[in-house]
Amino acid sequence: MNSTNNNQEIKEAKETQTSASNDTFISVQEYTGEGYFLAIGEETDKIAEANKAQIDEATKKFFQEKYKTEVKVHNVVGAEDGATVFVESVGEPHFYTYAVVPIIEKENKIDIDKIWADDFQVQNAIKGGLYHMIFKEEFQQLDKYFDSLAAEGEITGKTKEALQNVGGYGFMTPYYLISTSKNDESIIPVYKLYLSNPKESVEKLKVAFDESKFSAENLTIGIQLFMKDKDAKPSEKIFNQVVKDVEEMKNIPRGSYGIVLNDNYIHRETSEGFKESSLERDYPDSIVKE
């Protein structure tokens, strides 16, 4: 085989791989959710786009009636037999979640009366937002830590636009998200009080929290960080320092902490940053703060 031709083929193959990689992944600082994709959603995406105003109105009405919560719609993404509607709550409790609008593709129309949401996901989102409200001072300590860490210039988090457009997983900041277990009985009275009176004071919500039933294992705080430098691999030094800091900090929220440090890139279609190179400390080896 001609070595010159062989080298040229290898070079072209590498260029093709690099191009494909660049198309698939994007720097986390540049990612706003554009390119997010759900299976078999090309045609439904077009139908949803044509009915965006109606979807917007129906989604707001749905969350107001079922969950007593005002939301704003950020993004609508076509999927098989429907469209996923990404929303953000207005005010507190603050959270991101989603609803689904069925689409009858053959008839080129949306079935707006059958809009639905995964009840567990929405409840989880609201409960996470309520946790953040009633333990605001503790979460502020966590926020200050990550802000100072980012200010050092080596790590970063997801953009606010990415959280708004394709977040959908409850209370989220650029650096972490809150998730509650269905077994978490301590937050249930707070959730019920909120639904009965969405304008209830934080003081009364705090009183409703059942301290006796709290277990750190039922409240997960998932930390996800990215390297700021586009060419940097996940740093073991930074990762180990974050793990040590979280283990030693006293005034942050109680709960089970998982920590992931990724490189700089995020998958456009899935908004996922985790890769084989990512460094992780998570269940069953979570950092538990009682």
# chains A, B, ... in the order shown; residues from 1 in each chain; ligands from 1
>>> select_by_dssp(residues="range 48-110 of chain A", states="strand (DSSP E or B)", output="PyMOL selection string")
chain A and resi 71-79+82-89+96-104+109-110
>>> write_last_selection(atoms="N, CA, C and O atoms", output="CSV table (one decimal), in the first residue's frame")
chain,number,residue,atom,x,y,z
A,71,VAL,N,-46.0,29.7,35.8
A,71,VAL,CA,-44.8,29.4,35.1
A,71,VAL,C,-44.7,30.2,33.8
A,71,VAL,O,-45.7,30.8,33.3
A,72,LYS,N,-43.5,30.3,33.3
A,72,LYS,CA,-43.2,30.8,32.0
A,72,LYS,C,-42.6,29.8,31.1
A,72,LYS,O,-41.8,28.9,31.6
A,73,VAL,N,-43.0,29.7,29.8
A,73,VAL,CA,-42.5,28.7,28.9
A,73,VAL,C,-41.3,29.2,28.2
A,73,VAL,O,-41.3,30.4,27.7
A,74,HIS,N,-40.2,28.4,28.2
A,74,HIS,CA,-39.0,28.8,27.6
A,74,HIS,C,-38.7,28.1,26.2
A,74,HIS,O,-38.1,28.7,25.3
A,75,ASN,N,-39.2,26.9,26.1
A,75,ASN,CA,-38.8,26.1,24.9
A,75,ASN,C,-39.8,25.0,24.7
A,75,ASN,O,-40.4,24.4,25.7
A,76,VAL,N,-40.1,24.7,23.4
A,76,VAL,CA,-40.9,23.6,23.1
A,76,VAL,C,-40.2,22.7,22.1
A,76,VAL,O,-39.7,23.2,21.0
A,77,VAL,N,-40.0,21.4,22.4
A,77,VAL,CA,-39.3,20.5,21.6
A,77,VAL,C,-40.1,19.3,21.1
A,77,VAL,O,-40.7,18.6,22.0
A,78,GLY,N,-40.2,19.1,19.8
A,78,GLY,CA,-41.0,17.9,19.3
A,78,GLY,C,-40.4,16.6,19.7
A,78,GLY,O,-39.2,16.4,19.8
A,79,ALA,N,-41.3,15.6,20.0
A,79,ALA,CA,-40.9,14.3,20.3
A,79,ALA,C,-41.9,13.3,19.6
A,79,ALA,O,-42.8,13.8,18.9
A,82,GLY,N,-45.8,13.9,20.3
A,82,GLY,CA,-46.0,15.0,21.2
A,82,GLY,C,-44.9,16.0,21.2
A,82,GLY,O,-44.0,16.0,20.4
A,83,ALA,N,-45.0,17.0,22.1
A,83,ALA,CA,-43.9,18.0,22.3
A,83,ALA,C,-43.7,18.2,23.8
A,83,ALA,O,-44.6,18.2,24.6
A,84,THR,N,-42.4,18.3,24.1
A,84,THR,CA,-42.1,18.6,25.5
A,84,THR,C,-41.9,20.1,25.7
A,84,THR,O,-41.3,20.8,24.9
A,85,VAL,N,-42.6,20.6,26.7
A,85,VAL,CA,-42.6,22.0,27.0
A,85,VAL,C,-41.8,22.3,28.2
A,85,VAL,O,-42.2,21.9,29.3
A,86,PHE,N,-40.7,23.0,28.1
A,86,PHE,CA,-39.8,23.3,29.2
A,86,PHE,C,-40.3,24.6,29.9
A,86,PHE,O,-40.4,25.7,29.2
A,87,VAL,N,-40.5,24.6,31.2
A,87,VAL,CA,-41.0,25.8,31.9
A,87,VAL,C,-40.1,26.1,33.1
A,87,VAL,O,-39.4,25.3,33.6
A,88,GLU,N,-40.3,27.3,33.6
A,88,GLU,CA,-39.7,27.8,34.8
A,88,GLU,C,-40.7,28.5,35.7
A,88,GLU,O,-41.6,29.2,35.2
A,89,SER,N,-40.7,28.2,36.9
A,89,SER,CA,-41.7,28.9,37.8
A,89,SER,C,-41.3,30.3,38.0
A,89,SER,O,-40.2,30.8,37.8
A,96,TYR,N,-37.4,24.4,37.6
A,96,TYR,CA,-37.6,24.1,36.2
A,96,TYR,C,-38.2,22.7,36.1
A,96,TYR,O,-37.9,21.8,36.8
A,97,THR,N,-39.2,22.6,35.2
A,97,THR,CA,-39.8,21.3,34.9
A,97,THR,C,-40.3,21.3,33.5
A,97,THR,O,-40.0,22.2,32.7
A,98,TYR,N,-41.2,20.3,33.2
A,98,TYR,CA,-41.7,20.2,31.8
A,98,TYR,C,-43.1,19.6,31.8
A,98,TYR,O,-43.5,18.9,32.8
A,99,ALA,N,-43.8,19.8,30.7
A,99,ALA,CA,-45.1,19.2,30.5
A,99,ALA,C,-45.0,18.6,29.1
A,99,ALA,O,-44.1,18.9,28.3
A,100,VAL,N,-46.0,17.8,28.7
A,100,VAL,CA,-46.1,17.2,27.4
A,100,VAL,C,-47.4,17.5,26.7
A,100,VAL,O,-48.5,17.3,27.4
A,101,VAL,N,-47.4,18.0,25.5
A,101,VAL,CA,-48.6,18.2,24.8
A,101,VAL,C,-48.7,17.1,23.7
A,101,VAL,O,-47.8,17.0,22.8
A,102,PRO,N,-49.7,16.3,23.7
A,102,PRO,CA,-49.9,15.3,22.6
A,102,PRO,C,-50.1,15.9,21.2
A,102,PRO,O,-50.7,17.0,21.1
A,103,ILE,N,-49.5,15.3,20.2
A,103,ILE,CA,-49.7,15.8,18.9
A,103,ILE,C,-50.2,14.7,18.0
A,103,ILE,O,-49.6,13.6,18.0
A,104,ILE,N,-51.2,15.0,17.2
A,104,ILE,CA,-51.7,14.0,16.2
A,104,ILE,C,-51.1,14.3,14.9
A,104,ILE,O,-51.6,15.2,14.2
A,109,LYS,N,-52.2,18.4,14.0
A,109,LYS,CA,-52.7,19.2,15.1
A,109,LYS,C,-52.3,18.8,16.5
A,109,LYS,O,-51.9,17.6,16.7
A,110,ILE,N,-52.4,19.7,17.4
A,110,ILE,CA,-52.1,19.4,18.8
A,110,ILE,C,-53.4,19.1,19.5
A,110,ILE,O,-54.4,19.6,19.2
>>> residues_around(residues="Val190 in chain A", least_positions_apart="6", cutoff="8 Å", atoms="only C-alpha atoms", output="PyMOL selection string")
chain A and resi 130+205-206+208-209
>>> write_last_selection(atoms="all heavy atoms", output="PDB file, in the first residue's frame")
ATOM      1  N   LEU A 130     -38.976  24.277  47.451  1.00  0.00           N
ATOM      2  CA  LEU A 130     -39.387  24.559  48.832  1.00  0.00           C
ATOM      3  C   LEU A 130     -38.221  24.348  49.797  1.00  0.00           C
ATOM      4  O   LEU A 130     -38.036  25.127  50.742  1.00  0.00           O
ATOM      5  CB  LEU A 130     -40.570  23.671  49.224  1.00  0.00           C
ATOM      6  CG  LEU A 130     -41.900  24.014  48.541  1.00  0.00           C
ATOM      7  CD1 LEU A 130     -42.937  22.915  48.760  1.00  0.00           C
ATOM      8  CD2 LEU A 130     -42.445  25.362  49.036  1.00  0.00           C
ATOM      9  N   LEU A 205     -43.983  27.999  56.294  1.00  0.00           N
ATOM     10  CA  LEU A 205     -43.484  26.824  55.578  1.00  0.00           C
ATOM     11  C   LEU A 205     -42.397  26.129  56.392  1.00  0.00           C
ATOM     12  O   LEU A 205     -42.335  24.898  56.454  1.00  0.00           O
ATOM     13  CB  LEU A 205     -42.940  27.238  54.202  1.00  0.00           C
ATOM     14  CG  LEU A 205     -43.958  27.746  53.181  1.00  0.00           C
ATOM     15  CD1 LEU A 205     -43.255  28.287  51.946  1.00  0.00           C
ATOM     16  CD2 LEU A 205     -44.942  26.632  52.775  1.00  0.00           C
ATOM     17  N   LYS A 206     -41.544  26.926  57.027  1.00  0.00           N
ATOM     18  CA  LYS A 206     -40.483  26.358  57.874  1.00  0.00           C
ATOM     19  C   LYS A 206     -41.075  25.575  59.038  1.00  0.00           C
ATOM     20  O   LYS A 206     -40.603  24.484  59.379  1.00  0.00           O
ATOM     21  CB  LYS A 206     -39.587  27.472  58.415  1.00  0.00           C
ATOM     22  CG  LYS A 206     -38.603  28.047  57.424  1.00  0.00           C
ATOM     23  CD  LYS A 206     -37.755  29.128  58.091  1.00  0.00           C
ATOM     24  CE  LYS A 206     -36.740  29.697  57.117  1.00  0.00           C
ATOM     25  NZ  LYS A 206     -35.937  30.785  57.755  1.00  0.00           N
ATOM     26  N   ALA A 208     -43.895  24.090  59.124  1.00  0.00           N
ATOM     27  CA  ALA A 208     -44.546  22.862  58.633  1.00  0.00           C
ATOM     28  C   ALA A 208     -43.539  21.737  58.382  1.00  0.00           C
ATOM     29  O   ALA A 208     -43.920  20.561  58.368  1.00  0.00           O
ATOM     30  CB  ALA A 208     -45.309  23.166  57.337  1.00  0.00           C
ATOM     31  N   PHE A 209     -42.272  22.073  58.179  1.00  0.00           N
ATOM     32  CA  PHE A 209     -41.250  21.053  57.902  1.00  0.00           C
ATOM     33  C   PHE A 209     -41.143  20.094  59.086  1.00  0.00           C
ATOM     34  O   PHE A 209     -40.957  20.508  60.233  1.00  0.00           O
ATOM     35  CB  PHE A 209     -39.900  21.717  57.645  1.00  0.00           C
ATOM     36  CG  PHE A 209     -38.807  20.766  57.261  1.00  0.00           C
ATOM     37  CD1 PHE A 209     -38.786  20.179  56.007  1.00  0.00           C
ATOM     38  CD2 PHE A 209     -37.802  20.436  58.161  1.00  0.00           C
ATOM     39  CE1 PHE A 209     -37.781  19.296  55.640  1.00  0.00           C
ATOM     40  CE2 PHE A 209     -36.788  19.558  57.816  1.00  0.00           C
ATOM     41  CZ  PHE A 209     -36.780  18.986  56.550  1.00  0.00           C
TER      42      PHE A 209
END
>>> closest_atom_pairs(of="range 126-221 of chain A", to="range 32-56 of chain A", cutoff="10 Å", atoms="only C-alpha atoms", output="JSON lines")
{"residue": "A:Lys158", "atom": "CA", "partner": "A:Thr32", "partner_atom": "CA", "distance": 8.6}
{"residue": "A:Thr159", "atom": "CA", "partner": "A:Thr32", "partner_atom": "CA", "distance": 6.6}
{"residue": "A:Lys160", "atom": "CA", "partner": "A:Thr32", "partner_atom": "CA", "distance": 7.8}
{"residue": "A:Glu161", "atom": "CA", "partner": "A:Thr32", "partner_atom": "CA", "distance": 4.9}
{"residue": "A:Ala162", "atom": "CA", "partner": "A:Thr32", "partner_atom": "CA", "distance": 4.2}
{"residue": "A:Leu163", "atom": "CA", "partner": "A:Thr32", "partner_atom": "CA", "distance": 7.9}
{"residue": "A:Gln164", "atom": "CA", "partner": "A:Gly33", "partner_atom": "CA", "distance": 8.4}
{"residue": "A:Asn165", "atom": "CA", "partner": "A:Gly33", "partner_atom": "CA", "distance": 5.6}
{"residue": "A:Val166", "atom": "CA", "partner": "A:Gly33", "partner_atom": "CA", "distance": 5.7}
{"residue": "A:Gly167", "atom": "CA", "partner": "A:Gly33", "partner_atom": "CA", "distance": 8.6}
>>> write_last_selection(atoms="C-alpha atoms", output="PDB file, in the first residue's frame")
ATOM      1  CA  LYS A 158     -24.031  25.462  32.755  1.00  0.00           C
ATOM      2  CA  THR A 159     -25.456  28.688  31.359  1.00  0.00           C
ATOM      3  CA  LYS A 160     -28.731  30.092  32.655  1.00  0.00           C
ATOM      4  CA  GLU A 161     -30.127  29.742  29.097  1.00  0.00           C
ATOM      5  CA  ALA A 162     -29.349  26.004  29.083  1.00  0.00           C
ATOM      6  CA  LEU A 163     -31.180  25.562  32.382  1.00  0.00           C
ATOM      7  CA  GLN A 164     -34.183  27.479  31.052  1.00  0.00           C
ATOM      8  CA  ASN A 165     -34.385  25.843  27.634  1.00  0.00           C
ATOM      9  CA  VAL A 166     -33.554  22.202  28.380  1.00  0.00           C
ATOM     10  CA  GLY A 167     -33.157  21.960  32.175  1.00  0.00           C
TER      11      GLY A 167
END
>>> closest_residue(among="A:Gly157, A:Val202, A:Ile252, A:Ile115", to="Gln141 in chain A", atoms="only C-alpha atoms")
A:Ile252
>>> atom_distance(atom1="CA of Tyr175 in chain A", atom2="CA of Pro253 in chain A")
14.8 Å
>>> atom_distance(atom1="CA of Gly129 in chain A", atom2="CA of Gln29 in chain A")
25.0 Å
>>> closest_residue(among="A:Ser212, A:Thr220, A:Thr270, A:Asn240", to="Arg254 in chain A", atoms="only C-alpha atoms")
A:Thr220
>>> residues_around(residues="Gly255 in chain A", least_positions_apart="4", cutoff="9 Å", atoms="only C-alpha atoms", output="number ranges by chain")
A: 215-221, 287-290
>>> closest_residue(among="A:Glu107, A:Lys237, A:Phe63, A:Pro93", to="Gly170 in chain A", atoms="only C-alpha atoms")
A:Pro93
>>> select_by_dssp(residues="range 88-246 of chain A", states="alpha helix (DSSP H)", output="number ranges by chain")
A: 119-134, 136-151, 160-166, 188-196, 202-208, 236-246
>>> residues_around(residues="Glu276 in chain A", least_positions_apart="2", cutoff="12 Å", atoms="only C-alpha atoms", output="ChimeraX atom specification")
/A:233-234,260-263,273-274,278-280
>>> closest_residue(among="A:Lys192, A:Lys230, A:His94, A:His132", to="Glu154 in chain A", atoms="only C-alpha atoms")
A:Lys230
>>> atom_distance(atom1="CA of Arg281 in chain A", atom2="CA of Phe146 in chain A")
17.0 Å
>>> closest_residue(among="A:Lys68, A:Lys182, A:Lys61, A:His267", to="Tyr31 in chain A", atoms="only C-alpha atoms")
A:His267
>>> closest_residue(among="A:Pro198, A:Pro284, A:Gly153, A:Gly128", to="Tyr169 in chain A", atoms="only C-alpha atoms")
A:Gly128
>>> decode(residues="range 236-247 of chain A", atoms="all heavy atoms", output="PDB file, in the first residue's frame")
ATOM      1  N   GLU A 236      -7.869  16.224  38.562  1.00  0.00           N
ATOM      2  CA  GLU A 236      -7.993  15.456  39.809  1.00  0.00           C
ATOM      3  C   GLU A 236      -7.736  16.345  41.017  1.00  0.00           C
ATOM      4  O   GLU A 236      -8.357  16.177  42.066  1.00  0.00           O
ATOM      5  CB  GLU A 236      -7.030  14.263  39.802  1.00  0.00           C
ATOM      6  CG  GLU A 236      -7.463  13.166  38.845  1.00  0.00           C
ATOM      7  CD  GLU A 236      -6.744  11.841  39.117  1.00  0.00           C
ATOM      8  OE1 GLU A 236      -6.177  11.697  40.214  1.00  0.00           O
ATOM      9  OE2 GLU A 236      -6.779  10.975  38.235  1.00  0.00           O
ATOM     10  N   LYS A 237      -6.822  17.303  40.865  1.00  0.00           N
ATOM     11  CA  LYS A 237      -6.509  18.221  41.962  1.00  0.00           C
ATOM     12  C   LYS A 237      -7.736  19.035  42.352  1.00  0.00           C
ATOM     13  O   LYS A 237      -8.073  19.140  43.540  1.00  0.00           O
ATOM     14  CB  LYS A 237      -5.362  19.155  41.549  1.00  0.00           C
ATOM     15  CG  LYS A 237      -4.964  20.138  42.634  1.00  0.00           C
ATOM     16  CD  LYS A 237      -3.865  21.072  42.146  1.00  0.00           C
ATOM     17  CE  LYS A 237      -3.525  22.117  43.217  1.00  0.00           C
ATOM     18  NZ  LYS A 237      -2.516  23.086  42.743  1.00  0.00           N
ATOM     19  N   ILE A 238      -8.415  19.613  41.359  1.00  0.00           N
ATOM     20  CA  ILE A 238      -9.618  20.408  41.627  1.00  0.00           C
ATOM     21  C   ILE A 238     -10.721  19.519  42.186  1.00  0.00           C
ATOM     22  O   ILE A 238     -11.392  19.861  43.166  1.00  0.00           O
ATOM     23  CB  ILE A 238     -10.103  21.126  40.357  1.00  0.00           C
ATOM     24  CG1 ILE A 238      -9.075  22.173  39.913  1.00  0.00           C
ATOM     25  CG2 ILE A 238     -11.462  21.779  40.582  1.00  0.00           C
ATOM     26  CD1 ILE A 238      -9.377  22.806  38.567  1.00  0.00           C
ATOM     27  N   PHE A 239     -10.919  18.364  41.561  1.00  0.00           N
ATOM     28  CA  PHE A 239     -11.965  17.430  42.003  1.00  0.00           C
ATOM     29  C   PHE A 239     -11.760  17.043  43.463  1.00  0.00           C
ATOM     30  O   PHE A 239     -12.699  17.106  44.272  1.00  0.00           O
ATOM     31  CB  PHE A 239     -11.958  16.187  41.111  1.00  0.00           C
ATOM     32  CG  PHE A 239     -12.932  15.121  41.539  1.00  0.00           C
ATOM     33  CD1 PHE A 239     -14.290  15.262  41.300  1.00  0.00           C
ATOM     34  CD2 PHE A 239     -12.493  13.971  42.200  1.00  0.00           C
ATOM     35  CE1 PHE A 239     -15.201  14.292  41.711  1.00  0.00           C
ATOM     36  CE2 PHE A 239     -13.395  13.001  42.606  1.00  0.00           C
ATOM     37  CZ  PHE A 239     -14.751  13.163  42.358  1.00  0.00           C
ATOM     38  N   ASN A 240     -10.535  16.648  43.819  1.00  0.00           N
ATOM     39  CA  ASN A 240     -10.249  16.233  45.196  1.00  0.00           C
ATOM     40  C   ASN A 240     -10.437  17.379  46.175  1.00  0.00           C
ATOM     41  O   ASN A 240     -10.883  17.173  47.313  1.00  0.00           O
ATOM     42  CB  ASN A 240      -8.820  15.684  45.304  1.00  0.00           C
ATOM     43  CG  ASN A 240      -8.658  14.363  44.567  1.00  0.00           C
ATOM     44  OD1 ASN A 240      -9.628  13.624  44.385  1.00  0.00           O
ATOM     45  ND2 ASN A 240      -7.452  14.055  44.129  1.00  0.00           N
ATOM     46  N   GLN A 241     -10.125  18.600  45.736  1.00  0.00           N
ATOM     47  CA  GLN A 241     -10.309  19.761  46.602  1.00  0.00           C
ATOM     48  C   GLN A 241     -11.785  20.030  46.871  1.00  0.00           C
ATOM     49  O   GLN A 241     -12.181  20.319  48.004  1.00  0.00           O
ATOM     50  CB  GLN A 241      -9.666  21.006  45.964  1.00  0.00           C
ATOM     51  CG  GLN A 241      -9.682  22.241  46.872  1.00  0.00           C
ATOM     52  CD  GLN A 241      -8.905  22.037  48.158  1.00  0.00           C
ATOM     53  OE1 GLN A 241      -7.730  21.647  48.112  1.00  0.00           O
ATOM     54  NE2 GLN A 241      -9.533  22.284  49.302  1.00  0.00           N
ATOM     55  N   VAL A 242     -12.622  19.906  45.805  1.00  0.00           N
ATOM     56  CA  VAL A 242     -14.061  20.112  45.974  1.00  0.00           C
ATOM     57  C   VAL A 242     -14.641  19.053  46.919  1.00  0.00           C
ATOM     58  O   VAL A 242     -15.439  19.374  47.813  1.00  0.00           O
ATOM     59  CB  VAL A 242     -14.793  20.093  44.614  1.00  0.00           C
ATOM     60  CG1 VAL A 242     -16.308  20.159  44.818  1.00  0.00           C
ATOM     61  CG2 VAL A 242     -14.342  21.242  43.731  1.00  0.00           C
ATOM     62  N   VAL A 243     -14.238  17.804  46.724  1.00  0.00           N
ATOM     63  CA  VAL A 243     -14.702  16.718  47.602  1.00  0.00           C
ATOM     64  C   VAL A 243     -14.326  17.026  49.052  1.00  0.00           C
ATOM     65  O   VAL A 243     -15.164  16.930  49.963  1.00  0.00           O
ATOM     66  CB  VAL A 243     -14.100  15.367  47.169  1.00  0.00           C
ATOM     67  CG1 VAL A 243     -14.358  14.299  48.240  1.00  0.00           C
ATOM     68  CG2 VAL A 243     -14.693  14.919  45.841  1.00  0.00           C
ATOM     69  N   LYS A 244     -13.080  17.416  49.271  1.00  0.00           N
ATOM     70  CA  LYS A 244     -12.591  17.735  50.626  1.00  0.00           C
ATOM     71  C   LYS A 244     -13.358  18.909  51.221  1.00  0.00           C
ATOM     72  O   LYS A 244     -13.761  18.883  52.387  1.00  0.00           O
ATOM     73  CB  LYS A 244     -11.094  18.048  50.562  1.00  0.00           C
ATOM     74  CG  LYS A 244     -10.419  18.320  51.907  1.00  0.00           C
ATOM     75  CD  LYS A 244      -8.919  18.406  51.718  1.00  0.00           C
ATOM     76  CE  LYS A 244      -8.196  18.648  53.047  1.00  0.00           C
ATOM     77  NZ  LYS A 244      -8.378  20.003  53.560  1.00  0.00           N
ATOM     78  N   ASP A 245     -13.574  19.954  50.402  1.00  0.00           N
ATOM     79  CA  ASP A 245     -14.282  21.142  50.885  1.00  0.00           C
ATOM     80  C   ASP A 245     -15.703  20.806  51.303  1.00  0.00           C
ATOM     81  O   ASP A 245     -16.174  21.236  52.365  1.00  0.00           O
ATOM     82  CB  ASP A 245     -14.305  22.224  49.800  1.00  0.00           C
ATOM     83  CG  ASP A 245     -12.933  22.839  49.563  1.00  0.00           C
ATOM     84  OD1 ASP A 245     -12.040  22.658  50.408  1.00  0.00           O
ATOM     85  OD2 ASP A 245     -12.758  23.484  48.504  1.00  0.00           O
ATOM     86  N   VAL A 246     -16.401  20.038  50.456  1.00  0.00           N
ATOM     87  CA  VAL A 246     -17.786  19.671  50.774  1.00  0.00           C
ATOM     88  C   VAL A 246     -17.837  18.809  52.027  1.00  0.00           C
ATOM     89  O   VAL A 246     -18.723  18.977  52.879  1.00  0.00           O
ATOM     90  CB  VAL A 246     -18.458  18.953  49.577  1.00  0.00           C
ATOM     91  CG1 VAL A 246     -19.833  18.406  49.976  1.00  0.00           C
ATOM     92  CG2 VAL A 246     -18.610  19.906  48.393  1.00  0.00           C
ATOM     93  N   GLU A 247     -16.887  17.907  52.169  1.00  0.00           N
ATOM     94  CA  GLU A 247     -16.839  17.058  53.367  1.00  0.00           C
ATOM     95  C   GLU A 247     -16.638  17.884  54.633  1.00  0.00           C
ATOM     96  O   GLU A 247     -17.194  17.565  55.685  1.00  0.00           O
ATOM     97  CB  GLU A 247     -15.696  16.040  53.243  1.00  0.00           C
ATOM     98  CG  GLU A 247     -15.981  14.907  52.272  1.00  0.00           C
ATOM     99  CD  GLU A 247     -14.813  13.953  52.124  1.00  0.00           C
ATOM    100  OE1 GLU A 247     -13.646  14.383  52.308  1.00  0.00           O
ATOM    101  OE2 GLU A 247     -15.050  12.774  51.817  1.00  0.00           O
TER     102      GLU A 247
END
